[in-house]
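> Sharing a structure, written as structure tokens. Questions coming.
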Amino acid sequence: MTKQVKGFTLIELLVTISIIGILSSLTIYGVKAVRSRARDTERITHLNRIQGALTLYYAVEKQYPDTLNPLEPSYLKNIPTDPVTHTPYSYGTDITDNFAIWGKMEIKNDKAINDNGNCDNYYETGNGDSWSVSSISTTTDPSCTPS
């Protein structure tokens, strides 16, 4: 009489563990991409809030500030910073009353987030055509190559 052993073979266990590992790694990668996109969206929201505050500041003062500090607390409760590095966003003005503010995005070449492909991982906003982050940011970030 042969004793019948119930259970799984070694091959079945290895295949199951491999499948679980592959599915887990795909899930982790997907979650990481979603979190990066969420942080980029938060950056864009911050930049648009700063742009609105600068527009209000200009309406009252008839000029843009040299730095973002005068916006606080009258126009912004606090000046937003990058969600990862907690550093302020870049800002610049010129003599023709134009301004630009920009921040570095995590997702490169994402047409849904980045504007006009000016610089592969920067988002810019401002009030004039004379400002382009591609001409500004290459001096601060040599890895930025304008398209």
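Note on naming: chains are A, B, ... as they come in the structure tokens, residues start from 1 per chain, ligands start from 1 in the order shown.
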Mind checking which residues fall within 7 Å of stretch 62-68 of chain A, counting only C-alpha atoms, ignoring those fewer than 4 positions away in the same chain, and posting them as a PyMOL selection string?

chain A and resi 54+57-58+93+97

> So that I can see what lies close to A:Asp40, please list as a tab-separated table (two decimals) with C-alpha atoms, in the first residue's frame the residues with an atom at most 9 Å from it, counting only C-alpha atoms and leaving out residues fewer than 6 positions away in the same chain.


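The resulting file, part_14.tsv, is reproduced below:
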chain	number	residue	atom	x	y	z
A	83	PRO	CA	7.13	69.19	-1.68
A	104	LYS	CA	11.75	71.16	-11.47
A	105	MET	CA	9.38	68.26	-12.13
A	106	GLU	CA	10.06	64.61	-11.30
A	107	ILE	CA	8.58	63.18	-14.49
A	113	ILE	CA	2.47	68.23	-17.04

> So that I can see what lies close to A:Thr81, please list as a list in words the residues with an atom at most 10 Å from it, counting only C-alpha atoms and leaving out residues fewer than 4 positions away in the same chain.

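Answer for this query is Arg43, His46, Leu47, Thr85, His86, Thr87, Pro88, Tyr89, Ser90 and Gly103 of chain A.
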
> When DSSP works through the backbone of this structure, what residues of stretch 8-122 of chain A end up as strand (DSSP E), shown as a list in words?

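These are the residues in question: Ser90, Tyr91, Gly92, Thr93, Phe99, Ala100, Ile101, Trp102, Gly103, Lys104 and Tyr122 of chain A.
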
> Let's have the selection written as a JSON list (two decimals), in the first residue's frame, with C-alpha atoms.


[["chain", "number", "residue", "atom", "x", "y", "z"],
["A", 90, "SER", "CA", 12.84, 79.89, -8.80],
["A", 91, "TYR", "CA", 11.60, 83.37, -9.66],
["A", 92, "GLY", "CA", 12.85, 86.15, -11.86],
["A", 93, "THR", "CA", 11.74, 89.50, -13.26],
["A", 99, "PHE", "CA", 8.15, 87.63, -14.52],
["A", 100, "ALA", "CA", 8.70, 83.91, -14.58],
["A", 101, "ILE", "CA", 8.48, 81.27, -11.88],
["A", 102, "TRP", "CA", 9.51, 77.69, -12.40],
["A", 103, "GLY", "CA", 10.07, 74.42, -10.64],
["A", 104, "LYS", "CA", 11.75, 71.16, -11.47],
["A", 122, "TYR", "CA", 10.88, 72.17, -15.75]]

> I'd like the interatomic distance between atom CA of A:Thr41 and atom CA of A:Ser24, to a tenth of an Å.

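It comes out at 25.9 Å.
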
> Give the helix (DSSP H, G or I) residues of stretch 3-78 of chain A, as assigned by DSSP on the backbone, as a PyMOL selection string.

chain A and resi 10-61+69-71

> Rounded to one decimal, what separation in Å do you get between atom CA of A:Leu56 and atom CA of A:Tyr75?

7.3 Å

> Neighbours of A:Asn78 within 12 Å (only C-alpha atoms; same-chain residues fewer than 4 positions away dropped), as a PyMOL selection string?

chain A and resi 46+49-50+53+68-74+88

> Could you jot down the atom CA of A:Asn98 to atom CA of A:Gln51 separation for me, Å, one decimal place?

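Here the two named atoms are 11.4 Å from each other.
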